[in-house]
Every structure is written in C-alpha cells, then in structure tokens.
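Here is the file data12.cif (mmCIF, C-alpha atoms and all ligand atoms).
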```
data_coords
#
loop_
_atom_site.label_atom_id
_atom_site.label_comp_id
_atom_site.auth_asym_id
_atom_site.auth_seq_id
_atom_site.Cartn_x
_atom_site.Cartn_y
_atom_site.Cartn_z
CA MET A 1 82.83 3.66 185.45
CA ILE A 2 85.33 4.32 182.70
CA ASP A 3 87.39 7.50 182.74
CA LEU A 4 88.87 7.12 179.29
CA SER A 5 87.62 8.80 176.14
CA LEU A 6 86.51 6.43 173.39
CA ALA A 7 89.67 7.22 171.40
CA ASP A 8 91.89 6.49 174.40
CA PHE A 9 90.03 3.28 175.18
CA LEU A 10 90.28 2.05 171.58
CA ALA A 11 93.97 2.95 171.52
CA LEU A 12 94.73 0.63 174.44
CA PRO A 13 96.21 -2.74 173.54
CA ASP A 14 93.60 -5.48 173.95
CA SER A 15 95.63 -6.89 176.83
CA GLU A 16 94.83 -3.67 178.72
CA LYS A 17 91.26 -3.31 177.51
CA VAL A 18 90.44 -6.59 179.22
CA HIS A 19 91.13 -5.00 182.63
CA HIS A 20 88.28 -2.56 181.98
CA ILE A 21 86.00 -5.20 180.52
CA ARG A 22 86.33 -7.58 183.49
CA ASP A 23 83.29 -9.88 183.43
CA TYR A 24 80.90 -7.16 182.23
CA ALA A 25 81.10 -8.09 178.56
CA ILE A 26 82.60 -10.62 176.17
CA LEU A 27 84.76 -9.03 173.52
CA TYR A 28 88.14 -10.77 173.44
CA ALA A 29 89.31 -14.35 173.88
CA GLN A 30 92.16 -13.03 176.03
CA GLN A 31 89.60 -12.38 178.77
CA PHE A 32 89.45 -16.05 179.70
CA SER A 33 91.61 -18.07 182.06
CA ARG A 34 91.83 -21.83 182.20
CA GLU A 35 89.59 -21.79 185.24
CA ASP A 36 87.00 -19.77 183.30
CA LEU A 37 87.13 -22.13 180.33
CA ASP A 38 86.70 -25.21 182.49
CA ALA A 39 83.78 -23.56 184.31
CA TYR A 40 82.08 -22.57 181.02
CA CYS A 41 82.40 -26.12 179.68
CA ARG A 42 81.02 -27.63 182.88
CA LEU A 43 78.12 -25.20 182.87
CA ALA A 44 77.32 -25.88 179.20
CA ASP A 45 77.16 -29.59 180.06
CA THR A 46 74.88 -28.89 183.01
CA CYS A 47 72.56 -26.69 180.92
CA ARG A 48 72.30 -29.46 178.38
CA GLU A 49 71.44 -32.03 181.03
CA VAL A 50 68.95 -29.85 182.90
CA HIS A 51 67.17 -28.99 179.66
CA LYS A 52 66.49 -32.66 178.94
CA THR A 53 63.68 -32.86 181.49
CA GLU A 54 60.35 -31.06 181.41
CA GLN A 55 60.97 -29.69 184.90
CA GLY A 56 64.43 -28.53 183.93
CA ARG A 57 63.17 -26.73 180.84
CA THR A 58 60.45 -25.01 182.85
CA ALA A 59 62.90 -23.98 185.55
CA MET A 60 65.36 -22.60 183.01
CA ALA A 61 62.67 -20.67 181.16
CA GLY A 62 61.85 -18.78 184.35
CA ILE A 63 65.38 -17.62 185.09
CA LEU A 64 65.66 -14.49 182.91
CA ARG A 65 61.97 -13.96 182.20
CA GLN A 66 62.09 -10.23 182.79
CA ARG A 67 65.18 -9.54 180.70
CA MET A 68 65.20 -8.24 177.12
CA ALA A 69 67.97 -9.11 174.68
CA LEU A 70 68.84 -7.38 171.43
CA ASN A 71 70.59 -9.36 168.73
CA PHE A 72 72.19 -6.68 166.59
CA PHE A 73 73.63 -8.60 163.65
CA VAL A 74 74.38 -6.33 160.72
CA GLN A 75 76.79 -8.76 159.09
CA PRO A 76 75.61 -12.14 157.73
CA SER A 77 75.14 -14.94 160.26
CA SER A 78 73.10 -18.10 160.61
CA ARG A 79 74.34 -20.08 163.58
CA THR A 80 75.61 -17.37 165.91
CA PHE A 81 72.37 -15.43 165.48
CA MET A 82 70.12 -18.47 165.79
CA SER A 83 71.98 -20.15 168.63
CA PHE A 84 71.99 -16.95 170.69
CA ASN A 85 68.27 -16.54 170.00
CA THR A 86 67.61 -20.11 171.07
CA ALA A 87 69.82 -19.82 174.15
CA GLN A 88 68.00 -16.63 175.18
CA ALA A 89 64.64 -18.34 174.65
CA TYR A 90 65.73 -21.31 176.77
CA LEU A 91 66.48 -18.88 179.60
CA GLY A 92 63.13 -17.16 179.14
CA MET A 93 64.47 -13.85 177.78
CA ASN A 94 62.47 -11.58 175.53
CA ARG A 95 64.25 -10.94 172.26
CA MET A 96 64.52 -8.30 169.56
CA SER A 97 66.78 -8.16 166.56
CA VAL A 98 68.24 -5.68 164.13
CA ARG A 99 69.69 -7.51 161.15
CA ASP A 100 69.92 -4.75 158.61
CA ALA A 101 71.38 -1.34 159.40
CA ASN A 102 69.37 0.06 156.47
CA ILE A 103 66.11 -0.37 158.29
CA SER A 104 67.37 1.14 161.54
CA SER A 105 67.98 4.85 162.00
CA ILE A 106 71.63 4.27 161.06
CA ALA A 107 70.22 4.67 157.52
CA LYS A 108 69.23 8.25 158.45
CA GLY A 109 72.83 9.02 159.36
CA GLU A 110 72.74 8.16 163.06
CA SER A 111 76.19 7.16 164.25
CA LEU A 112 76.89 3.65 165.49
CA ILE A 113 77.61 5.03 168.92
CA ASP A 114 74.28 6.92 169.15
CA SER A 115 72.44 3.86 167.89
CA LEU A 116 74.11 1.70 170.52
CA ARG A 117 73.28 4.16 173.24
CA THR A 118 69.65 4.00 172.12
CA PHE A 119 69.64 0.20 172.12
CA ILE A 120 71.19 0.10 175.57
CA SER A 121 68.41 2.31 176.91
CA TYR A 122 65.81 -0.35 176.06
CA VAL A 123 67.45 -3.73 176.41
CA ASP A 124 69.34 -5.68 179.06
CA MET A 125 71.88 -7.28 176.76
CA VAL A 126 73.28 -6.66 173.28
CA VAL A 127 74.77 -9.45 171.22
CA MET A 128 76.33 -7.97 168.13
CA ARG A 129 78.01 -8.89 164.91
CA HIS A 130 79.56 -6.13 162.87
CA SER A 131 82.07 -5.78 160.07
CA GLU A 132 84.24 -3.28 161.95
CA ASP A 133 87.06 -4.58 164.17
CA HIS A 134 86.31 -2.11 166.95
CA ALA A 135 82.50 -2.23 166.83
CA ALA A 136 82.05 -4.39 169.93
CA ALA A 137 84.61 -2.32 171.85
CA VAL A 138 82.70 0.84 170.90
CA ALA A 139 79.51 -0.80 172.21
CA PHE A 140 81.20 -1.73 175.48
CA TRP A 141 82.55 1.80 175.99
CA THR A 142 79.09 3.21 175.23
CA SER A 143 77.50 0.88 177.73
CA MET A 144 80.02 1.91 180.38
CA LYS A 145 79.37 5.59 179.71
CA ALA A 146 75.58 5.34 179.43
CA HIS A 147 73.59 6.13 182.57
CA ARG A 148 71.58 2.95 182.60
CA ARG A 149 72.70 0.27 185.03
CA LEU A 150 71.27 -3.18 185.65
CA VAL A 151 71.22 -4.63 189.12
CA ILE A 152 72.66 -8.10 188.73
CA ASP A 153 73.19 -10.16 191.85
CA GLY A 154 72.95 -7.01 193.96
CA GLU A 155 75.59 -5.13 191.96
CA GLU A 156 75.04 -2.24 189.54
CA ARG A 157 76.45 -3.26 186.21
CA PRO A 158 76.49 -1.90 182.64
CA VAL A 159 74.28 -3.53 180.02
CA PRO A 160 76.32 -6.56 178.91
CA ILE A 161 77.74 -6.53 175.40
CA VAL A 162 78.66 -9.78 173.69
CA SER A 163 80.61 -9.85 170.47
CA GLY A 164 79.19 -12.35 168.02
CA GLY A 165 82.08 -11.53 165.66
CA SER A 166 83.74 -8.16 165.18
CA GLY A 167 85.54 -7.49 161.88
CA SER A 168 88.32 -9.92 161.05
CA ARG A 169 89.86 -9.94 164.51
CA GLN A 170 87.75 -11.74 167.11
CA HIS A 171 84.86 -14.13 167.54
CA PRO A 172 85.20 -14.94 171.25
CA THR A 173 82.03 -16.96 171.80
CA GLN A 174 82.95 -19.14 168.84
CA ALA A 175 86.30 -19.77 170.52
CA LEU A 176 84.50 -20.80 173.71
CA LEU A 177 82.33 -23.27 171.83
CA ASP A 178 85.37 -24.54 169.95
CA ILE A 179 87.12 -25.22 173.26
CA TYR A 180 83.98 -26.97 174.50
CA THR A 181 83.96 -29.14 171.38
CA LEU A 182 87.70 -29.86 171.59
CA GLN A 183 87.46 -30.71 175.27
CA LYS A 184 84.57 -33.11 174.68
CA SER A 185 86.16 -34.67 171.61
CA LEU A 186 89.53 -35.20 173.27
CA ALA A 187 88.17 -36.13 176.72
CA GLU A 188 89.11 -39.77 176.46
CA ILE A 189 92.72 -38.96 175.69
CA GLY A 190 93.24 -36.42 178.44
CA GLY A 191 91.66 -33.26 177.01
CA ILE A 192 93.41 -30.41 175.20
CA ASP A 193 96.65 -30.37 177.23
CA GLY A 194 99.56 -31.90 175.35
CA LYS A 195 97.73 -31.97 172.02
CA THR A 196 98.54 -30.75 168.53
CA ILE A 197 95.89 -28.56 166.91
CA MET A 198 96.11 -27.83 163.19
CA LEU A 199 94.33 -24.70 161.94
CA VAL A 200 93.74 -24.70 158.19
CA GLY A 201 92.63 -22.17 155.58
CA ASP A 202 92.31 -18.42 155.74
CA LEU A 203 94.12 -17.78 159.00
CA LYS A 204 94.93 -14.18 158.12
CA ARG A 205 91.35 -12.92 158.01
CA GLY A 206 89.52 -15.63 159.90
CA ARG A 207 88.45 -14.25 163.26
CA THR A 208 87.63 -17.69 164.68
CA VAL A 209 91.18 -18.98 164.38
CA ARG A 210 92.58 -15.82 165.90
CA SER A 211 90.31 -16.08 168.95
CA LEU A 212 90.98 -19.81 169.30
CA SER A 213 94.75 -19.25 169.07
CA TYR A 214 94.57 -16.81 171.99
CA LEU A 215 92.85 -19.46 174.10
CA MET A 216 95.69 -21.92 173.53
CA LYS A 217 97.71 -20.04 176.16
CA ASN A 218 95.50 -21.71 178.75
CA TYR A 219 96.59 -25.26 177.92
CA ARG A 220 99.82 -27.04 178.81
CA ASP A 221 102.21 -28.33 176.21
CA VAL A 222 100.06 -27.58 173.17
CA THR A 223 101.43 -27.32 169.63
CA VAL A 224 99.60 -25.29 166.99
CA ILE A 225 100.16 -25.97 163.30
CA PHE A 226 99.15 -23.15 160.97
CA ALA A 227 98.41 -24.75 157.59
CA ALA A 228 97.75 -22.11 154.96
CA PRO A 229 99.04 -20.72 151.70
CA GLU A 230 101.48 -17.92 152.51
CA ARG A 231 98.96 -15.22 151.50
CA TYR A 232 96.50 -16.51 154.10
CA GLN A 233 99.00 -17.28 156.86
CA MET A 234 98.43 -16.28 160.47
CA GLU A 235 99.39 -12.71 161.35
CA ASP A 236 102.54 -12.00 163.34
CA ASP A 237 100.68 -10.55 166.33
CA ILE A 238 99.21 -13.98 167.08
CA LEU A 239 102.52 -15.75 166.52
CA GLU A 240 104.20 -13.32 168.92
CA PHE A 241 101.41 -13.79 171.47
CA LEU A 242 101.93 -17.55 171.34
CA GLU A 243 105.72 -17.16 171.64
CA GLN A 244 105.29 -15.06 174.76
CA ALA A 245 102.78 -17.49 176.20
CA GLY A 246 105.19 -20.38 175.57
CA VAL A 247 102.88 -22.12 173.09
CA ARG A 248 104.79 -24.02 170.38
CA TRP A 249 103.73 -23.38 166.78
CA ARG A 250 104.84 -24.13 163.27
CA LYS A 251 103.62 -23.43 159.78
CA ALA A 252 102.63 -26.08 157.23
CA THR A 253 102.17 -25.78 153.48
CA SER A 254 99.47 -28.45 153.14
CA ILE A 255 96.99 -30.42 155.25
CA SER A 256 98.96 -33.59 154.48
CA GLU A 257 102.03 -32.16 156.21
CA GLY A 258 100.30 -32.13 159.60
CA ILE A 259 97.52 -34.69 159.28
CA GLU A 260 99.28 -37.57 161.01
CA SER A 261 100.46 -35.58 164.01
CA ALA A 262 97.29 -33.52 164.59
CA ASP A 263 94.87 -34.38 167.39
CA ALA A 264 92.41 -31.82 166.05
CA ILE A 265 92.03 -30.32 162.59
CA TYR A 266 90.16 -27.02 162.43
CA MET A 267 89.17 -26.10 158.89
CA THR A 268 88.15 -22.59 157.81
CA ARG A 269 86.58 -20.89 154.80
CA ILE A 270 88.46 -18.40 152.63
CA GLN A 271 87.05 -15.09 153.88
CA ASP A 272 86.61 -13.67 150.41
CA GLU A 273 84.12 -11.07 151.53
CA TYR A 274 87.34 -9.06 151.97
CA ASP A 275 88.26 -9.63 148.30
CA LYS A 276 86.57 -8.28 145.25
CA VAL A 277 84.72 -11.38 144.07
CA LEU A 278 81.85 -11.34 141.59
CA PRO A 279 78.42 -11.86 143.18
CA GLY A 280 77.55 -15.56 143.31
CA THR A 281 81.17 -16.66 143.00
CA HIS A 282 83.81 -17.46 145.58
CA VAL A 283 87.54 -18.04 145.81
CA PRO A 284 87.93 -21.84 145.74
CA ALA A 285 90.12 -23.58 148.32
CA SER A 286 93.29 -24.97 146.78
CA ARG A 287 93.84 -28.72 146.69
CA ASP A 288 96.53 -28.67 149.40
CA PHE A 289 94.08 -27.07 151.81
CA THR A 290 90.96 -29.06 150.96
CA PHE A 291 90.06 -31.76 153.47
CA THR A 292 89.32 -35.04 151.67
CA LEU A 293 88.30 -38.59 152.53
CA GLU A 294 91.98 -39.52 152.19
CA HIS A 295 92.80 -37.05 154.95
CA LEU A 296 90.08 -38.60 157.07
CA ALA A 297 91.69 -41.99 156.52
CA ALA A 298 95.11 -40.59 157.49
CA MET A 299 93.86 -38.86 160.67
CA LYS A 300 94.64 -40.36 164.08
CA SER A 301 91.83 -42.63 165.29
CA THR A 302 91.42 -40.34 168.32
CA ALA A 303 91.52 -37.03 166.40
CA CYS A 304 88.61 -34.76 165.57
CA LEU A 305 87.65 -32.54 162.64
CA LEU A 306 86.15 -29.13 163.38
CA HIS A 307 84.95 -26.18 161.29
CA PRO A 308 83.22 -23.04 162.61
CA LEU A 309 81.00 -23.13 159.48
CA PRO A 310 79.71 -22.03 157.05
CA LYS A 311 81.84 -24.15 154.75
CA ARG A 312 82.09 -24.40 151.00
CA ASP A 313 84.55 -26.52 149.05
CA GLU A 314 87.33 -26.66 151.66
CA ILE A 315 85.83 -29.93 152.91
CA GLU A 316 85.08 -32.56 150.29
CA GLU A 317 81.34 -33.27 150.22
CA GLY A 318 81.73 -36.97 150.97
CA VAL A 319 83.12 -36.16 154.42
CA ASP A 320 79.78 -34.67 155.53
CA TYR A 321 77.77 -37.85 155.44
CA VAL A 322 80.38 -40.40 156.31
CA ASP A 323 79.46 -42.10 159.57
CA ASP A 324 82.62 -41.22 161.46
CA PRO A 325 82.57 -39.93 165.06
CA ARG A 326 85.68 -37.85 164.38
CA VAL A 327 83.69 -35.50 162.12
CA MET A 328 82.58 -33.00 164.72
CA TYR A 329 81.43 -29.84 162.95
CA TRP A 330 77.71 -30.52 163.02
CA ARG A 331 77.86 -31.34 166.71
CA GLN A 332 80.14 -28.33 167.19
CA GLU A 333 77.38 -25.95 166.04
CA ARG A 334 74.92 -27.57 168.46
CA ASN A 335 77.53 -27.31 171.23
CA GLY A 336 77.55 -23.61 170.46
CA MET A 337 73.98 -23.24 171.56
CA TRP A 338 74.67 -24.81 174.96
CA MET A 339 77.80 -22.75 175.37
CA ARG A 340 75.73 -19.63 174.67
CA VAL A 341 73.21 -20.61 177.33
CA ALA A 342 76.19 -20.87 179.71
CA ILE A 343 77.59 -17.50 178.57
CA ILE A 344 74.30 -15.70 179.20
CA ALA A 345 73.77 -17.44 182.55
CA LYS A 346 77.21 -16.33 183.67
CA LEU A 347 76.77 -12.74 182.49
CA PHE A 348 73.57 -12.47 184.51
CA LYS A 349 75.08 -14.42 187.42
CA VAL A 350 72.33 -17.01 187.43
CA ALA A 351 74.47 -20.07 186.69
CA HIS A 352 73.95 -21.35 190.25
CA LEU A 353 70.19 -21.61 189.61
CA ILE A 354 70.88 -24.10 186.83
CA THR A 355 73.58 -25.97 188.73
CA ASP A 356 71.45 -26.15 191.89
CA PHE A 357 68.55 -27.50 189.87
CA SER A 358 70.75 -30.24 188.43
CA MET A 359 71.61 -31.32 191.96
CA GLU A 360 68.03 -31.44 193.24
CA PRO A 361 66.89 -35.00 193.87
CA GLU A 362 64.25 -36.12 191.38
CA GLY A 363 60.81 -36.66 192.79
N1 LIG A 401 81.04 -17.97 160.84
C1 LIG A 401 82.39 -17.66 161.15
C2 LIG A 401 82.55 -16.16 161.30
O1 LIG A 401 81.59 -15.45 161.20
C3 LIG A 401 83.34 -18.23 160.15
C4 LIG A 401 83.10 -17.83 158.73
O2 LIG A 401 82.20 -17.04 158.43
O3 LIG A 401 83.83 -18.33 157.89
O4 LIG A 401 83.64 -15.72 161.52
N1 LIG A 402 80.34 -19.91 163.03
C1 LIG A 402 79.61 -18.82 162.80
O1 LIG A 402 79.87 -17.76 163.35
O2 LIG A 402 78.57 -19.01 161.95
P1 LIG A 402 77.60 -17.89 161.40
O3 LIG A 402 78.46 -16.95 160.60
O4 LIG A 402 76.60 -18.63 160.57
O5 LIG A 402 76.99 -17.19 162.57
#
```
Take the structure in the file and write it out as structure tokens.
Ligand code: ASP
Ligand code: CP
Amino acid sequence: MIDLSLADFLALPDSEKVHHIRDYAILYAQQFSREDLDAYCRLADTCREVHKTEQGRTAMAGILRQRMALNFFVQPSSRTFMSFNTAQAYLGMNRMSVRDANISSIAKGESLIDSLRTFISYVDMVVMRHSEDHAAAVAFWTSMKAHRRLVIDGEERPVPIVSGGSGSRQHPTQALLDIYTLQKSLAEIGGIDGKTIMLVGDLKRGRTVRSLSYLMKNYRDVTVIFAAPERYQMEDDILEFLEQAGVRWRKATSISEGIESADAIYMTRIQDEYDKVLPGTHVPASRDFTFTLEHLAAMKSTACLLHPLPKRDEIEEGVDYVDDPRVMYWRQERNGMWMRVAIIAKLFKVAHLITDFSMEPEG
C-alpha cells in the first residue's frame, strides 16, 4: 500500500505525504479542506446533540463496540488523552493506554517502529503523543506496511493512526477543535472568513499554533497576527505557507498592538520543556505577552479568547473566573471532546449512523 521506504517517506515534504495519508490517518493539518472542516464541525455538533438523550447515548455506545483503541501517550497530556478516552467510550470502543515508555518493552531496547508494529497487531486505532516530530509519520508508515488490515465500510484499510501531538510541529486534532471553537464563537458575525486572528506566545515551538496556521488557508480574507517576542516568533516555513496560500499576516510586539483589531486571540504557553529549566520552575511570560483584564476590556465585544491549555501565567488569574462569554478556553477543551467523537466516527466511516439517528423522529 506504500512503496516507499521509511526514509524516503519521511524525506517527502508534508504536502506530498498527505497524498499517501489520504483519509487513513490524521497527522497534519494540511490534510483538511474547507469542506472537511465544515463537515467535522457539523458532525461534532450532531454528536453533542445526539448524546443529550438516553436513546442517543445508547445508540452511540453501540457503534464501535467491537473496536479496540490504544492511546499511546508517552509525552505529558491531560485533555487530549482524556478527551480521546471519553470520545472512544461514547462510541463504545474498548480502550488501552501506554503512558510511559519505561513500562513498555521500549525500555528493553525495542525500537519505536517495532513497538508500533506490535500495537497495530492488537488494536484497531492508535492515538499517539510523542516528543519526536516524525513519530506519528513513522506510525503511519508502519501501519501501511504491516499486514493487518481492517475492513471499514467494505474497504480494507490500515489501522488508523491519529497524532495527538508530535514533537513541536503538529497537533492536528487540536487545530480541528480550535476551528470548531472559532466557528462557534464567531458564528453570529459570519464565522471565520474575513476575521483577524491573533496568535500569542511561543509560536516557534508551539505545535498548536503551527497546525492552526495551516488551517487558515481554508478561510477567505483572513489576517493572522503573530504576537511574540522575536525569540519565540513563528518560523519562516509557516509564513511562507501563508504567503503562498494568500493569507495576510503580520507580526506584533505586544498583545496591546493587536487587541483592538483581533476577532480572536489565541494565547499559548512558553514551551520551556525545550529549554533547560530547573525542575518545578518555568520561564515566565513577559508582561507584553500576558493577557490581562485590561486586554479583556479592550477586546472587541464580539471577539473570543482561546488557549489550547495548559496555561500558566500568560493569562492573568482574574480572567478565568470573570463572567464573560468571550472567554472561551474552558468551553474549547469540552469542544475538543465532541470534535474527537467526530474524528473517530469519520475514521471508521460511521458518521452517518449518528447523523441518521439525529434525524429519526422522536417517539
Ligand atoms: N497542550 C498543547 C500541546 O500539547 C499546548 C501546550 O502544551 O502548551 O501542544
Ligand atoms: N491542549 C492539549 O493538547 O492539552 P494536553 O497537553 O493537556 O493534552
């Protein structure tokens, strides 16, 4: 199913890798078209609605009853791990997890690729988070090369691999849930098209902002503001991608510089796991890039404030408990769970079972 060696596959630019990945796996934000994004958001909404009723919950829990998922998270995670687990449970999947490479046979010297091949021989889906940029791509290649095939909707397919964050480059399912949150938050003012999105913080090493930037190609007339100290500014590959896609962008040297024009502010944490920080300490966010109550007051009345979380001091504490519908990050993490139900339903081609259920007359 894939003729390339692992080295040749990894050497391909991501824009070419996506042709091999098709809809077998989720590794890169560049895989998604506008049509896909709209369909994912609609499906997430439908899953949410269907799950509100007893009958809906029961129907959903029968859909993937015979499927086994592995959540292979060997880099820290709370919400991606838990929301995928919950989403799998809602669809009736059985679940296993590996959260520490030291208690798998990787600790005995087994290679990542052999470990993945082993996992794939037992489970019907691998969601993985790993510190290496290429880890999810390695898993996909392994799944393509492995003998095991699943029959999904009458077609033989490789065991689906979903990246729950790979190194500092991509976090594609986070980008999908971010789009879902943006679309919902901006619905009353026409959605994401025509809007200005300000990304703040560690844009250089933050995988969420990279994946979200890629998705901006799907929206008309969008402007992206990259607000970061120069040492954390967005990498040139993303800026070039946006240029080629015709997405306007500019850099800003403080939150204040963009706060009045932004329709969405997306805060991020300094990714200091890549720095040498003393245990129990962290690199504090500088004042210019800390979101405060004054920023909230200066924001447009229709704008929204997002953060992939976890956060530390880059958002002033008072903002958390202020009763303001523009503060979206807690709802954003809940949106993530529904988006992950939609992602799994699409991978297993069972979305129609949920949509059909939502259209059945009550009785
Ligand atoms: N949770 C997100 C990630 O894993 C953002 C972060 O950790 O700062 O990329
Ligand atoms: N947003 C996100 O990926 O959170 P976790 O690191 O807690 O999974």
Practice problem: Fewer than 3 positions away in the same chain doesn't count, so skip those; otherwise give me all residues within 9 Å of Asn335 of chain A, counting all atoms listed in the file, as an MDAnalysis selection string. | Solution: chainID A and resid 44 177:178 180:181 330:332 338:340
Since we have the selection now, will you write its residues out, keeping C-alpha atoms, as an mmCIF file, in the frame of the given file?
```cif
data_model
loop_
_atom_site.group_PDB
_atom_site.id
_atom_site.type_symbol
_atom_site.label_atom_id
_atom_site.label_comp_id
_atom_site.auth_asym_id
_atom_site.auth_seq_id
_atom_site.Cartn_x
_atom_site.Cartn_y
_atom_site.Cartn_z
ATOM 1 C CA ALA A 44 77.320 -25.880 179.200
ATOM 2 C CA LEU A 177 82.330 -23.270 171.830
ATOM 3 C CA ASP A 178 85.370 -24.540 169.950
ATOM 4 C CA TYR A 180 83.980 -26.970 174.500
ATOM 5 C CA THR A 181 83.960 -29.140 171.380
ATOM 6 C CA TRP A 330 77.710 -30.520 163.020
ATOM 7 C CA ARG A 331 77.860 -31.340 166.710
ATOM 8 C CA GLN A 332 80.140 -28.330 167.190
ATOM 9 C CA TRP A 338 74.670 -24.810 174.960
ATOM 10 C CA MET A 339 77.800 -22.750 175.370
ATOM 11 C CA ARG A 340 75.730 -19.630 174.670
#
```
Quiz item: Which protein, DNA or RNA residues are at most 10 Å from (90.8, -18.9, 161.9) in the file's coordinates when you count all atoms listed in the file, listed as an MDAnalysis selection string?
Solution: chainID A and resid 168:171 175 199:213 226 232:234 266:271 307:308
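Distance check against Gln183 of chain A using all atoms listed in the file: of A:Val283, A:Ala264, A:Ala345, A:Met60, the minimum falls on A:Ala264.
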Quiz item: Counting only C-alpha atoms, what is within 8 Å of segment 239-247 of chain A, bar same-chain residues fewer than 6 positions away, as a ChimeraX atom specification?
Solution: /A:213-214,216-217,221-224
Exercise. Give me, please, the distance in Å between atom CA of Ile113 of chain A and atom CA of Tyr24 of chain A, quoted to one decimal.
Key: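 Computed distance, atom CA of Ile113 of chain A to atom CA of Tyr24 of chain A, equals 18.3 Å.
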Quiz item: Could you list, as a list in words, all the residues within 6 Å of ligand LIG 402 (chain A), counting all atoms listed in the file?
Solution: Ser77, Ser78, Arg79, Thr80, Phe81, Pro308, Leu309 and Pro310 of chain A
Exercise. Identify the residues around (87.9, -32.4, 152.7) within a radius of 9 Å, measuring from all atoms listed in the file in the coordinates stated by the file, and give them as a ChimeraX atom specification.
Key: /A:267,289-296,313-320
For the selection you just gave me, I'd like the residues written to a file as a PDB file, keeping the file's coordinate frame, keeping C-alpha atoms.
```pdb
ATOM      1  CA  MET A 267      89.170 -26.100 158.890  1.00  0.00           C
ATOM      2  CA  PHE A 289      94.080 -27.070 151.810  1.00  0.00           C
ATOM      3  CA  THR A 290      90.960 -29.060 150.960  1.00  0.00           C
ATOM      4  CA  PHE A 291      90.060 -31.760 153.470  1.00  0.00           C
ATOM      5  CA  THR A 292      89.320 -35.040 151.670  1.00  0.00           C
ATOM      6  CA  LEU A 293      88.300 -38.590 152.530  1.00  0.00           C
ATOM      7  CA  GLU A 294      91.980 -39.520 152.190  1.00  0.00           C
ATOM      8  CA  HIS A 295      92.800 -37.050 154.950  1.00  0.00           C
ATOM      9  CA  LEU A 296      90.080 -38.600 157.070  1.00  0.00           C
ATOM     10  CA  ASP A 313      84.550 -26.520 149.050  1.00  0.00           C
ATOM     11  CA  GLU A 314      87.330 -26.660 151.660  1.00  0.00           C
ATOM     12  CA  ILE A 315      85.830 -29.930 152.910  1.00  0.00           C
ATOM     13  CA  GLU A 316      85.080 -32.560 150.290  1.00  0.00           C
ATOM     14  CA  GLU A 317      81.340 -33.270 150.220  1.00  0.00           C
ATOM     15  CA  GLY A 318      81.730 -36.970 150.970  1.00  0.00           C
ATOM     16  CA  VAL A 319      83.120 -36.160 154.420  1.00  0.00           C
ATOM     17  CA  ASP A 320      79.780 -34.670 155.530  1.00  0.00           C
TER      18      ASP A 320
END
```
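Considering all atoms listed in the file, the residue among A:Glu273, A:Asp124, A:Asp236, A:Glu16 positioned nearest to ligand LIG 401 (chain A) is A:Glu273.
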Would you mind putting back N, CA and C atoms on segment 143-162 of chain A, then writing it out as an mmCIF file, in the coordinates of the input?
```cif
data_model
loop_
_atom_site.group_PDB
_atom_site.id
_atom_site.type_symbol
_atom_site.label_atom_id
_atom_site.label_comp_id
_atom_site.auth_asym_id
_atom_site.auth_seq_id
_atom_site.Cartn_x
_atom_site.Cartn_y
_atom_site.Cartn_z
ATOM 1 N N SER A 143 78.270 1.429 176.622
ATOM 2 C CA SER A 143 77.500 0.880 177.730
ATOM 3 C C SER A 143 78.075 1.338 179.078
ATOM 4 N N MET A 144 79.396 1.434 179.141
ATOM 5 C CA MET A 144 80.020 1.910 180.380
ATOM 6 C C MET A 144 79.689 3.373 180.636
ATOM 7 N N LYS A 145 79.618 4.161 179.570
ATOM 8 C CA LYS A 145 79.370 5.590 179.710
ATOM 9 C C LYS A 145 77.881 5.929 179.896
ATOM 10 N N ALA A 146 77.021 5.066 179.355
ATOM 11 C CA ALA A 146 75.580 5.340 179.430
ATOM 12 C C ALA A 146 75.146 5.360 180.896
ATOM 13 N N HIS A 147 74.019 6.026 181.170
ATOM 14 C CA HIS A 147 73.590 6.130 182.570
ATOM 15 C C HIS A 147 72.963 4.845 183.082
ATOM 16 N N ARG A 148 72.383 4.099 182.167
ATOM 17 C CA ARG A 148 71.580 2.950 182.600
ATOM 18 C C ARG A 148 72.458 1.863 183.229
ATOM 19 N N ARG A 149 72.015 1.376 184.353
ATOM 20 C CA ARG A 149 72.700 0.270 185.030
ATOM 21 C C ARG A 149 71.684 -0.811 185.333
ATOM 22 N N LEU A 150 72.123 -2.060 185.246
ATOM 23 C CA LEU A 150 71.270 -3.180 185.650
ATOM 24 C C LEU A 150 71.736 -3.615 187.025
ATOM 25 N N VAL A 151 70.797 -4.033 187.849
ATOM 26 C CA VAL A 151 71.220 -4.630 189.120
ATOM 27 C C VAL A 151 71.257 -6.141 188.892
ATOM 28 N N ILE A 152 72.467 -6.657 188.943
ATOM 29 C CA ILE A 152 72.660 -8.100 188.730
ATOM 30 C C ILE A 152 73.325 -8.643 189.977
ATOM 31 N N ASP A 153 72.668 -9.560 190.626
ATOM 32 C CA ASP A 153 73.190 -10.160 191.850
ATOM 33 C C ASP A 153 73.585 -9.071 192.861
ATOM 34 N N GLY A 154 72.732 -8.064 192.978
ATOM 35 C CA GLY A 154 72.950 -7.010 193.960
ATOM 36 C C GLY A 154 73.974 -5.963 193.563
ATOM 37 N N GLU A 155 74.553 -6.085 192.381
ATOM 38 C CA GLU A 155 75.590 -5.130 191.960
ATOM 39 C C GLU A 155 75.112 -4.356 190.743
ATOM 40 N N GLU A 156 75.393 -3.043 190.724
ATOM 41 C CA GLU A 156 75.040 -2.240 189.540
ATOM 42 C C GLU A 156 76.043 -2.502 188.440
ATOM 43 N N ARG A 157 75.537 -2.905 187.312
ATOM 44 C CA ARG A 157 76.450 -3.260 186.210
ATOM 45 C C ARG A 157 75.964 -2.658 184.905
ATOM 46 N N PRO A 158 76.907 -2.421 183.958
ATOM 47 C CA PRO A 158 76.490 -1.900 182.640
ATOM 48 C C PRO A 158 75.739 -2.980 181.867
ATOM 49 N N VAL A 159 74.982 -2.567 180.875
ATOM 50 C CA VAL A 159 74.280 -3.530 180.020
ATOM 51 C C VAL A 159 75.348 -4.395 179.324
ATOM 52 N N PRO A 160 75.278 -5.715 179.501
ATOM 53 C CA PRO A 160 76.320 -6.560 178.910
ATOM 54 C C PRO A 160 76.327 -6.544 177.387
ATOM 55 N N ILE A 161 77.531 -6.481 176.853
ATOM 56 C CA ILE A 161 77.740 -6.530 175.400
ATOM 57 C C ILE A 161 78.468 -7.838 175.089
ATOM 58 N N VAL A 162 77.980 -8.545 174.107
ATOM 59 C CA VAL A 162 78.660 -9.780 173.690
ATOM 60 C C VAL A 162 78.978 -9.671 172.209
#
```
